[in-house]
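Have a look at start.cif below; it lists mmCIF, C-alpha atoms.
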data_coords
#
loop_
_atom_site.label_atom_id
_atom_site.label_comp_id
_atom_site.auth_asym_id
_atom_site.auth_seq_id
_atom_site.Cartn_x
_atom_site.Cartn_y
_atom_site.Cartn_z
CA MET Q 12 6.52 -27.36 -18.30
CA THR Q 13 7.69 -28.50 -14.87
CA THR Q 14 8.59 -25.10 -13.41
CA SER Q 15 6.86 -21.73 -13.30
CA LYS Q 16 8.28 -18.25 -12.88
CA GLN Q 17 6.57 -16.73 -9.86
CA LEU Q 18 6.74 -13.66 -7.63
CA LEU Q 19 7.28 -14.31 -3.91
CA THR Q 20 7.28 -11.62 -1.24
CA LYS Q 21 9.11 -11.65 2.09
CA ILE Q 22 9.67 -9.13 4.87
CA THR Q 23 12.64 -10.02 7.04
CA SER Q 24 12.85 -9.59 10.79
CA GLN Q 25 15.72 -7.18 10.06
CA GLY Q 26 13.25 -4.84 8.34
CA GLN Q 27 13.68 -5.42 4.62
CA LEU Q 28 11.10 -6.18 1.98
CA GLU Q 29 12.29 -8.65 -0.67
CA ILE Q 30 10.20 -9.59 -3.69
CA ASN Q 31 11.86 -12.24 -5.82
CA LEU Q 32 11.14 -13.62 -9.28
CA VAL Q 33 11.85 -17.33 -8.81
CA ASP Q 34 11.38 -20.67 -10.54
CA SER Q 35 8.85 -22.82 -8.66
CA ASP Q 36 7.83 -26.41 -9.30
CA ILE Q 37 4.39 -26.88 -10.84
CA PRO Q 38 2.53 -29.46 -8.73
CA GLU Q 39 0.74 -32.43 -10.24
CA PRO Q 40 -2.97 -31.68 -10.03
CA LYS Q 41 -4.94 -33.78 -7.57
CA ALA Q 42 -8.31 -35.26 -8.56
CA HIS Q 43 -10.27 -32.01 -8.22
CA GLN Q 44 -7.54 -29.61 -9.30
CA VAL Q 45 -6.47 -28.03 -12.58
CA VAL Q 46 -3.26 -26.36 -13.74
CA VAL Q 47 -3.88 -23.02 -15.47
CA LYS Q 48 -1.41 -21.26 -17.74
CA ILE Q 49 -1.90 -17.72 -16.45
CA GLU Q 50 -1.99 -15.16 -19.24
CA ALA Q 51 -3.53 -12.20 -17.40
CA THR Q 52 -3.64 -11.22 -13.73
CA PRO Q 53 -4.72 -7.77 -12.50
CA ILE Q 54 -2.91 -5.80 -9.82
CA ASN Q 55 -5.75 -5.01 -7.42
CA PRO Q 56 -5.50 -2.72 -4.37
CA SER Q 57 -6.08 -5.86 -2.29
CA ASP Q 58 -2.85 -7.30 -3.73
CA MET Q 59 -0.67 -4.39 -2.68
CA TRP Q 60 -0.65 -4.81 1.10
CA PRO Q 61 0.36 -8.50 0.89
CA MET Q 62 2.87 -7.57 -1.79
CA PHE Q 63 4.56 -4.58 -0.16
CA GLY Q 64 3.36 -4.40 3.45
CA PRO Q 65 4.45 -1.16 5.13
CA ALA Q 66 7.71 -0.89 3.15
CA ASN Q 67 8.99 2.53 2.10
CA LEU Q 68 8.68 2.18 -1.68
CA ASN Q 69 10.29 5.58 -2.22
CA GLU Q 70 13.58 3.87 -1.36
CA ALA Q 71 12.94 0.67 -3.35
CA THR Q 72 15.64 -0.70 -5.65
CA PHE Q 73 15.44 -3.40 -8.32
CA ASP Q 74 18.27 -5.77 -9.22
CA ALA Q 75 17.49 -7.11 -12.71
CA ASN Q 76 20.23 -9.76 -12.51
CA LYS Q 77 18.74 -11.26 -9.35
CA GLY Q 78 15.14 -10.51 -10.28
CA GLN Q 79 14.73 -8.92 -6.85
CA LEU Q 80 13.08 -5.80 -5.49
CA THR Q 81 14.19 -4.57 -2.06
CA ALA Q 82 12.86 -1.76 0.14
CA PRO Q 83 13.28 -0.83 3.81
CA VAL Q 84 10.59 -1.32 6.46
CA HIS Q 85 10.71 0.91 9.52
CA PRO Q 86 11.51 -1.28 12.58
CA GLY Q 87 8.61 0.23 14.52
CA LEU Q 88 6.17 -1.22 11.98
CA LEU Q 89 7.42 -4.81 12.19
CA PRO Q 90 5.20 -5.81 15.17
CA ARG Q 91 2.14 -5.12 12.98
CA ILE Q 92 3.21 -7.86 10.57
CA LYS Q 93 5.05 -10.29 12.88
CA SER Q 94 2.99 -13.25 11.63
CA ARG Q 95 4.57 -13.02 8.17
CA LEU Q 96 8.18 -12.12 9.04
CA ASP Q 97 10.88 -14.19 7.26
CA MET Q 98 8.26 -16.11 5.26
CA SER Q 99 8.26 -16.21 1.44
CA LEU Q 100 4.66 -15.81 0.36
CA PRO Q 101 2.92 -16.07 -3.03
CA ILE Q 102 0.89 -13.08 -4.25
CA GLY Q 103 -1.79 -12.27 -6.83
CA ASN Q 104 -5.41 -12.81 -5.84
CA GLU Q 105 -6.92 -13.56 -9.23
CA GLY Q 106 -6.10 -14.18 -12.86
CA ALA Q 107 -7.13 -16.02 -15.98
CA GLY Q 108 -5.71 -18.39 -18.54
CA VAL Q 109 -6.14 -21.76 -20.19
CA VAL Q 110 -6.35 -25.09 -18.36
CA VAL Q 111 -3.37 -27.20 -19.52
CA ALA Q 112 -3.57 -30.10 -17.05
CA ALA Q 113 -6.34 -31.58 -14.94
CA GLY Q 114 -6.93 -34.12 -12.21
CA GLU Q 115 -8.90 -37.30 -12.78
CA SER Q 116 -12.31 -36.06 -11.61
CA GLU Q 117 -14.99 -35.42 -14.21
CA ALA Q 118 -15.26 -31.77 -13.18
CA ALA Q 119 -11.52 -31.19 -13.62
CA GLN Q 120 -11.32 -33.07 -16.92
CA SER Q 121 -14.22 -31.04 -18.31
CA MET Q 122 -12.12 -27.87 -17.99
CA LEU Q 123 -9.17 -29.02 -20.11
CA GLY Q 124 -8.40 -26.49 -22.83
CA LYS Q 125 -10.95 -23.97 -21.56
CA THR Q 126 -10.39 -20.36 -20.56
CA VAL Q 127 -11.00 -19.97 -16.85
CA ALA Q 128 -10.67 -17.25 -14.25
CA VAL Q 129 -9.12 -18.38 -10.97
CA LEU Q 130 -8.97 -17.14 -7.39
CA SER Q 131 -5.88 -18.44 -5.64
CA GLY Q 132 -3.67 -15.84 -3.98
CA ALA Q 133 -0.77 -17.06 -6.15
CA CYS Q 134 -1.61 -15.72 -9.61
CA PHE Q 135 1.52 -13.63 -10.10
CA ALA Q 136 2.99 -16.71 -11.75
CA GLN Q 137 3.15 -18.38 -15.15
CA TYR Q 138 1.20 -21.44 -13.94
CA CYS Q 139 -1.24 -21.91 -11.09
CA CYS Q 140 -2.72 -25.10 -9.61
CA VAL Q 141 -6.17 -24.59 -8.08
CA PRO Q 142 -9.30 -26.58 -7.11
CA VAL Q 143 -12.10 -26.59 -9.68
CA GLN Q 144 -14.26 -24.72 -7.15
CA ALA Q 145 -11.87 -21.76 -7.47
CA CYS Q 146 -12.52 -21.43 -11.22
CA ILE Q 147 -15.05 -19.60 -13.35
CA VAL Q 148 -15.33 -21.22 -16.77
CA HIS Q 149 -15.73 -18.58 -19.48
CA LYS Q 150 -17.25 -18.67 -22.91
CA GLU Q 151 -15.12 -19.88 -25.78
CA GLU Q 152 -14.85 -16.39 -27.30
CA THR Q 153 -13.71 -14.75 -24.02
CA THR Q 154 -9.97 -14.05 -23.85
CA PRO Q 155 -7.87 -14.41 -20.68
CA GLN Q 156 -7.40 -10.62 -20.56
CA GLN Q 157 -11.17 -10.09 -20.66
CA ALA Q 158 -11.62 -12.75 -17.95
CA ALA Q 159 -8.76 -11.57 -15.72
CA SER Q 160 -10.89 -9.50 -13.32
CA SER Q 161 -13.71 -12.00 -12.78
CA PHE Q 162 -13.61 -12.40 -9.02
CA VAL Q 163 -12.59 -9.45 -6.85
CA ASN Q 164 -14.53 -6.56 -8.39
CA PRO Q 165 -17.53 -8.34 -9.97
CA LEU Q 166 -18.29 -10.54 -6.97
CA THR Q 167 -17.75 -7.65 -4.55
CA ALA Q 168 -20.25 -5.52 -6.46
CA LEU Q 169 -22.75 -8.38 -6.60
CA GLY Q 170 -22.06 -9.12 -2.93
CA MET Q 171 -22.94 -5.58 -1.91
CA VAL Q 172 -26.37 -5.85 -3.51
CA GLU Q 173 -26.90 -9.32 -2.02
CA THR Q 174 -25.90 -8.03 1.44
CA MET Q 175 -28.39 -5.18 1.08
CA ARG Q 176 -31.19 -7.64 0.43
CA MET Q 177 -30.14 -10.15 3.07
CA GLU Q 178 -30.05 -7.45 5.77
CA GLY Q 179 -33.34 -5.82 4.85
CA HIS Q 180 -32.15 -2.56 3.31
CA SER Q 181 -33.53 -1.10 0.09
CA ALA Q 182 -30.82 1.28 -1.19
CA LEU Q 183 -27.06 1.73 -1.03
CA VAL Q 184 -24.35 4.36 -0.53
CA HIS Q 185 -20.91 3.70 -2.05
CA THR Q 186 -17.69 5.70 -1.70
CA ALA Q 187 -14.80 5.94 -4.18
CA ALA Q 188 -17.67 5.31 -6.55
CA ALA Q 189 -15.91 6.08 -9.84
CA SER Q 190 -13.59 3.10 -9.43
CA ASN Q 191 -13.71 0.07 -11.70
CA LEU Q 192 -15.78 -1.67 -9.03
CA GLY Q 193 -18.00 1.39 -8.59
CA ILE Q 194 -18.86 1.45 -12.29
CA MET Q 195 -19.82 -2.24 -12.13
CA LEU Q 196 -22.01 -1.56 -9.08
CA ASN Q 197 -23.77 1.25 -10.94
CA LYS Q 198 -24.49 -1.01 -13.89
CA ILE Q 199 -25.95 -3.67 -11.58
CA CYS Q 200 -28.08 -1.19 -9.64
CA ILE Q 201 -29.38 0.54 -12.77
CA ALA Q 202 -30.33 -2.81 -14.31
CA GLU Q 203 -32.06 -4.03 -11.14
CA GLY Q 204 -33.68 -0.76 -10.07
CA VAL Q 205 -31.66 -0.42 -6.85
CA PRO Q 206 -31.24 3.21 -5.71
CA LEU Q 207 -27.53 3.97 -5.34
CA VAL Q 208 -25.90 7.06 -3.84
CA ASN Q 209 -22.39 7.52 -5.26
CA ILE Q 210 -19.74 9.53 -3.41
CA VAL Q 211 -16.72 10.75 -5.40
CA ARG Q 212 -14.05 13.39 -4.77
CA LYS Q 213 -13.74 15.12 -8.16
CA GLN Q 214 -16.21 16.68 -10.58
CA SER Q 215 -14.69 14.68 -13.46
CA GLN Q 216 -15.56 11.49 -11.57
CA ALA Q 217 -19.10 12.73 -11.00
CA ASP Q 218 -19.42 13.47 -14.72
CA LEU Q 219 -18.19 9.96 -15.57
CA LEU Q 220 -20.87 8.31 -13.45
CA THR Q 221 -23.59 10.62 -14.69
CA GLU Q 222 -22.70 9.68 -18.27
CA ILE Q 223 -23.34 5.98 -17.56
CA GLY Q 224 -26.72 6.72 -16.02
CA ALA Q 225 -26.05 7.26 -12.30
CA LYS Q 226 -28.84 9.38 -10.76
CA TYR Q 227 -27.33 10.24 -7.36
CA VAL Q 228 -23.72 11.46 -7.34
CA CYS Q 229 -22.23 13.54 -4.50
CA ASN Q 230 -18.84 15.24 -4.79
CA SER Q 231 -17.11 15.23 -1.39
CA SER Q 232 -14.90 18.17 -2.43
CA SER Q 233 -17.94 20.39 -3.07
CA ASP Q 234 -18.99 23.02 -0.53
CA SER Q 235 -22.53 21.62 -0.75
CA PHE Q 236 -21.48 17.99 -0.18
CA LYS Q 237 -23.31 17.42 3.12
CA LYS Q 238 -26.49 19.01 1.80
CA ASP Q 239 -26.25 16.98 -1.41
CA LEU Q 240 -25.66 13.78 0.58
CA TYR Q 241 -28.68 14.47 2.80
CA LYS Q 242 -30.89 15.07 -0.23
CA ALA Q 243 -29.72 11.90 -2.00
CA ILE Q 244 -30.27 9.76 1.11
CA GLU Q 245 -33.66 11.38 1.66
CA GLU Q 246 -34.74 10.53 -1.89
CA THR Q 247 -33.38 6.97 -1.86
CA GLY Q 248 -33.97 5.98 1.76
CA ALA Q 249 -30.49 4.44 1.87
CA THR Q 250 -29.55 2.97 5.26
CA LEU Q 251 -26.57 0.82 4.14
CA ALA Q 252 -23.19 2.05 2.91
CA PHE Q 253 -20.00 0.43 1.68
CA ASP Q 254 -16.86 2.49 2.22
CA ALA Q 255 -13.60 1.97 0.34
CA ILE Q 256 -11.77 4.86 2.03
CA GLY Q 257 -11.54 3.82 5.69
CA GLY Q 258 -9.87 6.87 7.21
CA GLY Q 259 -11.18 10.32 8.01
CA GLU Q 260 -14.72 11.50 8.75
CA LEU Q 261 -16.60 10.25 5.69
CA VAL Q 262 -18.16 7.24 7.46
CA SER Q 263 -19.37 9.57 10.21
CA ASP Q 264 -20.79 12.01 7.64
CA ILE Q 265 -22.76 9.21 5.99
CA LEU Q 266 -24.25 8.01 9.29
CA THR Q 267 -25.07 11.60 10.27
CA ALA Q 268 -26.94 12.17 7.01
CA MET Q 269 -28.83 8.88 7.42
CA GLU Q 270 -29.84 9.86 10.95
CA ALA Q 271 -30.91 13.35 9.89
CA VAL Q 272 -33.19 11.83 7.26
CA GLY Q 273 -34.54 9.22 9.68
CA SER Q 274 -35.32 11.80 12.37
CA LYS Q 275 -36.64 14.66 10.24
CA ASP Q 276 -40.27 13.98 11.18
CA ALA Q 277 -39.63 13.12 14.84
CA GLU Q 278 -41.78 14.83 17.48
CA GLY Q 279 -41.03 15.36 21.16
CA PHE Q 280 -37.98 13.84 22.81
CA ASN Q 281 -35.79 11.88 20.40
CA THR Q 282 -33.15 10.74 22.89
CA TYR Q 283 -31.96 7.67 21.01
CA GLY Q 284 -32.44 8.82 17.43
CA SER Q 285 -34.28 7.09 14.62
CA ASP Q 286 -35.10 3.41 15.00
CA ALA Q 287 -34.07 2.45 11.46
CA ASN Q 288 -30.78 0.55 11.50
CA LYS Q 289 -27.98 2.49 9.84
CA GLN Q 290 -25.00 0.35 8.79
CA VAL Q 291 -21.65 1.16 7.18
CA TYR Q 292 -19.26 -1.57 6.07
CA ILE Q 293 -15.63 -0.60 5.50
CA TYR Q 294 -14.24 -2.87 2.80
CA GLY Q 295 -11.15 -0.94 1.67
CA GLY Q 296 -8.28 1.15 3.01
CA LEU Q 297 -7.44 3.88 0.53
CA ASP Q 298 -6.85 6.16 3.54
CA PHE Q 299 -4.90 4.52 6.38
CA SER Q 300 -5.54 7.35 8.85
CA PRO Q 301 -7.93 6.72 11.79
CA THR Q 302 -11.65 6.45 11.17
CA ILE Q 303 -13.12 9.44 13.02
CA LEU Q 304 -16.65 9.12 14.42
CA ASN Q 305 -18.48 12.28 15.46
CA ARG Q 306 -21.36 10.69 17.35
CA ALA Q 307 -24.46 12.43 16.04
CA TYR Q 308 -26.60 9.57 14.82
CA GLY Q 309 -28.53 8.15 17.74
CA MET Q 310 -28.03 4.63 18.99
CA THR Q 311 -29.25 2.43 16.12
CA TRP Q 312 -26.20 2.14 13.93
CA GLY Q 313 -23.28 -0.12 13.20
CA ILE Q 314 -19.84 -0.04 11.61
CA GLY Q 315 -18.00 -3.18 10.59
CA GLY Q 316 -15.63 -4.73 8.12
CA TRP Q 317 -16.76 -6.57 4.99
CA LEU Q 318 -14.67 -9.18 3.19
CA LEU Q 319 -15.70 -10.87 -0.04
CA MET Q 320 -14.54 -14.38 0.86
CA ARG Q 321 -16.30 -14.35 4.23
CA PHE Q 322 -19.47 -13.14 2.56
CA LEU Q 323 -19.31 -15.87 -0.08
CA GLY Q 324 -18.79 -18.40 2.70
CA LYS Q 325 -22.27 -17.57 4.00
CA LEU Q 326 -23.92 -18.49 0.70
CA ALA Q 327 -25.08 -21.89 -0.50
CA PRO Q 328 -22.85 -23.42 -3.22
CA GLU Q 329 -25.73 -23.09 -5.69
CA LYS Q 330 -25.91 -19.34 -5.07
CA VAL Q 331 -22.16 -18.91 -5.52
CA GLY Q 332 -22.39 -20.91 -8.76
CA ALA Q 333 -25.16 -18.62 -9.99
CA LEU Q 334 -23.02 -15.55 -9.29
CA HIS Q 335 -20.09 -17.13 -11.17
CA HIS Q 336 -22.36 -17.89 -14.12
CA ARG Q 337 -23.59 -14.30 -14.23
CA VAL Q 338 -20.03 -12.97 -14.23
CA ALA Q 339 -19.11 -15.23 -17.17
CA ASN Q 340 -22.18 -14.15 -19.12
CA GLU Q 341 -21.63 -10.42 -18.52
CA ILE Q 342 -17.83 -10.18 -18.48
CA ASN Q 343 -17.77 -7.92 -21.54
CA THR Q 344 -20.73 -5.74 -20.47
CA THR Q 345 -21.58 -5.26 -16.78
CA PHE Q 346 -18.20 -6.52 -15.58
CA LYS Q 347 -15.96 -5.22 -18.34
CA SER Q 348 -12.51 -4.03 -17.19
CA ASP Q 349 -10.13 -1.77 -19.09
CA PHE Q 350 -6.40 -1.76 -18.39
CA THR Q 351 -3.90 1.06 -18.56
CA ASP Q 352 -0.87 -1.11 -19.28
CA VAL Q 353 0.19 -4.76 -19.44
CA LEU Q 354 3.40 -5.62 -17.56
CA SER Q 355 5.66 -8.63 -17.38
CA LEU Q 356 6.46 -10.17 -14.00
CA GLU Q 357 9.84 -8.43 -14.09
CA GLU Q 358 8.34 -5.06 -15.05
CA ALA Q 359 5.95 -5.31 -12.10
CA LEU Q 360 9.03 -5.10 -9.82
CA GLN Q 361 10.52 -1.98 -11.39
CA PRO Q 362 10.19 1.04 -9.04
CA GLU Q 363 8.95 3.36 -11.78
CA LYS Q 364 6.13 0.93 -12.66
CA ILE Q 365 5.30 0.38 -8.98
CA ALA Q 366 4.92 4.15 -8.53
CA GLN Q 367 2.34 4.14 -11.31
CA TYR Q 368 0.11 1.25 -10.21
CA ASN Q 369 0.53 1.80 -6.46
CA ALA Q 370 -0.92 5.31 -6.87
CA LYS Q 371 -4.36 3.64 -7.25
CA LYS Q 372 -5.64 6.41 -9.49
CA THR Q 373 -9.27 6.32 -10.55
CA GLY Q 374 -9.58 4.97 -14.08
CA GLU Q 375 -6.14 3.34 -14.05
CA LYS Q 376 -5.75 -0.41 -13.66
CA TYR Q 377 -2.70 -2.50 -14.46
CA LEU Q 378 -2.43 -6.08 -15.69
CA ILE Q 379 0.42 -8.57 -15.53
CA ASN Q 380 0.91 -11.09 -18.34
CA PRO Q 381 3.27 -13.66 -16.78
CA GLN Q 382 3.99 -15.09 -20.24
CA LYS Q 383 5.31 -11.73 -21.47
#
Starting from the coordinates I provided, produce the structure as structure tokens.
Amino acid sequence: MTTSKQLLTKITSQGQLEINLVDSDIPEPKAHQVVVKIEATPINPSDMWPMFGPANLNEATFDANKGQLTAPVHPGLLPRIKSRLDMSLPIGNEGAGVVVAAGESEAAQSMLGKTVAVLSGACFAQYCCVPVQACIVHKEETTPQQAASSFVNPLTALGMVETMRMEGHSALVHTAAASNLGIMLNKICIAEGVPLVNIVRKQSQADLLTEIGAKYVCNSSSDSFKKDLYKAIEETGATLAFDAIGGGELVSDILTAMEAVGSKDAEGFNTYGSDANKQVYIYGGLDFSPTILNRAYGMTWGIGGWLLMRFLGKLAPEKVGALHHRVANEINTTFKSDFTDVLSLEEALQPEKIAQYNAKKTGEKYLINPQK
């Protein structure tokens, strides 16, 4: 093969989203690169902003003859994305397949014929050329579909626990906790004895986590949510949280509960609150409304963003390699992913399919097989 079908996304300066299914040349791999025949690539929430931007998908149309999806973008939103206007960009953070060509280095040659997971940002394609450092080599019996979600969710879950330890905390709070990632985080924490407070928004999600062994589950739609959250934080001593929601008052509620626990035994004036550092990292954006902070948690607290790739960049290569090795060993247990449907590249552009996977419903995850 010399060409690869690939999805490219572009937002024009005239305010139109265009996603095209095109034929792209497959590059010759350099010394430390491999070419992977992609057979499975998940559609993650982190793929959807690069893919669609702020386009109005309710008005999207698909032209099967052109292999093109179009949708309008409100002109007032264009300044937010001016750096990408009129540029055709690849999409698809991760995927898996078989190495079909390799550069001359020993590391690249050793991967020929093996099933690997890759992190590239261009996996919505039939073939992908990546450095060997961007690959996780899987066991011979692991299929590309099983290996497809090896990077984003598994390494994020592992990264949360590593961040907790690096920053001197002893327990965690996690929101949107019944997600695929949340289930992985529970499995890790249960296996390693890390107290984890899970926040969900439905009783069915709470039941799901309880069934897999989660001890602390708080339902944000319950009338007793704030009391339940206080009790869980009191029992675990959690002072670090990872929030997938972003908008609304949930971050503030978590910090307030942490402060209430930290100050419950205070005597006399407590002007600046508890001295234990309370930290929330926002790593997702399921709610794009403003993050509302109702300042009721003293002065020893922090809110920041958390990105997987920047976290991994802080680690020694040996540590990253150890995390990769663990993912490969536990891909069908701790890091197992189930998929609702498998789409072709063309099906991924059909408005009715987009409506399904863009809804980001708990328990639903979609996969693209570019060879389909």
Worksheet entry | Chain and number of each residue from the PyMOL selection byres ((chain Q and resi 50-61) around 7), as JSON, numbers by chain | {"Q": [48, 49, 62, 63, 64, 102, 103, 104, 105, 106, 107, 108, 134, 135, 155, 156, 159, 160, 377, 378, 379, 380, 381, 382]}
Worksheet item: What residues have an atom no more than 12 Å from (-10.6, -37.7, -16.5) in the file's own frame, counting all atoms listed in the file, and can you write them as a list in words?
Response: Pro40, Lys41, Ala42, His43, Gln44, Val45, Ala112, Ala113, Gly114, Glu115, Ser116, Glu117, Ala118, Ala119, Gln120, Ser121, Met122 and Leu123 of chain Q
Discussion item. Can you spell out as number ranges by chain the set of residues that the PyMOL selection byres ((chain Q and resi 290) around 7) selects in the structure I just provided?
Written reply: Q: 250-252, 288-289, 291-292, 312-314
Under the rule of at most 12 Å, produce a per-residue listing of stretch 280-331 of chain Q near stretch 136-148 of chain Q: chain, number, name, the closest pair of atoms, and the distance in Å, as a Markdown table, using only C-alpha atoms.
| residue | atom | partner | partner_atom | distance |
| --- | --- | --- | --- | --- |
| Q:Met320 | CA | Q:Ala145 | CA | 11.4 |
| Q:Pro328 | CA | Q:Gln144 | CA | 9.5 |
| Q:Glu329 | CA | Q:Gln144 | CA | 11.7 |
| Q:Val331 | CA | Q:Gln144 | CA | 9.9 |
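Shortest atom-to-atom contact with Q:Gly309 among Q:Tyr227, Q:Phe346, Q:Tyr283, Q:Phe73: Q:Tyr283, counting only C-alpha atoms.
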Discussion item. Nearest residue to Q:Thr72 out of Q:Ser233, Q:Leu28, Q:Ala217, Q:Val228, using all atoms listed in the file?
Written reply: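 Among the listed residues, the smallest separation from Q:Thr72 belongs to Q:Leu28.
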Do you know which residues the PyMOL selection byres ((chain Q and resi 193-195) around 8) returns on this file, as a PDB file with C-alpha atoms, keeping the file's coordinate frame?
ATOM      1  CA  ASN Q 164     -14.530  -6.560  -8.390  1.00  0.00           C
ATOM      2  CA  PRO Q 165     -17.530  -8.340  -9.970  1.00  0.00           C
ATOM      3  CA  ALA Q 168     -20.250  -5.520  -6.460  1.00  0.00           C
ATOM      4  CA  HIS Q 185     -20.910   3.700  -2.050  1.00  0.00           C
ATOM      5  CA  ALA Q 187     -14.800   5.940  -4.180  1.00  0.00           C
ATOM      6  CA  ALA Q 188     -17.670   5.310  -6.550  1.00  0.00           C
ATOM      7  CA  ALA Q 189     -15.910   6.080  -9.840  1.00  0.00           C
ATOM      8  CA  SER Q 190     -13.590   3.100  -9.430  1.00  0.00           C
ATOM      9  CA  ASN Q 191     -13.710   0.070 -11.700  1.00  0.00           C
ATOM     10  CA  LEU Q 192     -15.780  -1.670  -9.030  1.00  0.00           C
ATOM     11  CA  LEU Q 196     -22.010  -1.560  -9.080  1.00  0.00           C
ATOM     12  CA  ASN Q 197     -23.770   1.250 -10.940  1.00  0.00           C
ATOM     13  CA  LYS Q 198     -24.490  -1.010 -13.890  1.00  0.00           C
ATOM     14  CA  ILE Q 199     -25.950  -3.670 -11.580  1.00  0.00           C
ATOM     15  CA  LEU Q 220     -20.870   8.310 -13.450  1.00  0.00           C
ATOM     16  CA  THR Q 345     -21.580  -5.260 -16.780  1.00  0.00           C
ATOM     17  CA  PHE Q 346     -18.200  -6.520 -15.580  1.00  0.00           C
ATOM     18  CA  LYS Q 347     -15.960  -5.220 -18.340  1.00  0.00           C
TER      19      LYS Q 347
END
Worksheet item: Which of these, Q:Val205, Q:Ala327, Q:Leu354, Q:Ile22, has the shortest distance to Q:Arg91 once you count all atoms listed in the file?
Response: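 Comparing Q:Val205, Q:Ala327, Q:Leu354, Q:Ile22 against Q:Arg91, the winner is Q:Ile22.
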Item to complete: Excluding Q:Leu240 and residues on its chain fewer than 4 positions from it, collect all residues at most 7 Å away from it, counting all atoms listed in the file, and give them as a PyMOL selection string.
Response: chain Q and resi 229+236+244+268
Practice prompt. Would you please work out which residue, of Q:Arg212, Q:Ile92, Q:Asp264, Q:Thr344, is nearest to Q:Thr373 when using all atoms listed in the file?
Written response: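 Distance minimum relative to Q:Thr373 lands on Q:Arg212.
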Using all atoms of stretch 279-291 of chain Q that appear in the file, construct an axis-aligned enclosing box with 6 Å of padding on every side and provide its centre coordinates and edge lengths in Å, rounded to one decimal, as AutoDock Vina command-line options.
--center_x -31.3 --center_y 7.9 --center_z 15.0 --size_x 31.4 --size_y 27.0 --size_z 27.7
Item to complete: Name the residues within 10 Å of (-12.4, 10.0, 6.3), counting only C-alpha atoms in the file's coordinates, and put them as a PyMOL selection string.
Response: chain Q and resi 254+256-264+297-304
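What separates atom CA of Q:Thr351 from atom CA of Q:Lys371 is a distance of 11.6 Å.
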Discussion item. Show me, as a PyMOL selection string, the residues that have an atom within 6 Å of stretch 360-370 of chain Q when counting all atoms listed in the file, minus same-chain residues fewer than 2 positions from it.
Written reply: chain Q and resi 73+80+357-358+372
Excluding same-chain residues fewer than 5 positions from Q:Gly273, what lies within 9 Å of it counting all atoms listed in the file, as a short mmCIF file (atom, residue, chain, number, x, y, z; two decimals) with C-alpha atoms, in the coordinates of the input?
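Output file part_31.cif is given in full below:
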data_model
loop_
_atom_site.label_atom_id
_atom_site.label_comp_id
_atom_site.auth_asym_id
_atom_site.auth_seq_id
_atom_site.Cartn_x
_atom_site.Cartn_y
_atom_site.Cartn_z
CA GLU Q 245 -33.66 11.38 1.66
CA GLY Q 248 -33.97 5.98 1.76
CA ALA Q 268 -26.94 12.17 7.01
CA GLY Q 284 -32.44 8.82 17.43
CA SER Q 285 -34.28 7.09 14.62
CA ASP Q 286 -35.10 3.41 15.00
CA ALA Q 287 -34.07 2.45 11.46
#
Worksheet item: If you measure from atom CA of Q:Leu19 to atom CA of Q:Ala255, what distance in Å do you get, rounded to one decimal?
Response: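 Calculated distance between atom CA of Q:Leu19 and atom CA of Q:Ala255 is 26.8 Å.
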Worksheet item: Any idea what the distance is between atom CA of Q:Pro38 and atom CA of Q:Ser355?
Response: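 A separation of 22.8 Å between them.
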Worksheet item: Got a sec: who's within 9 Å of Q:Thr247, counting only C-alpha atoms, leaving out chain neighbours fewer than 2 positions off, as a ChimeraX atom specification?
Response: /Q:181-183,206-208,227,242-245,249
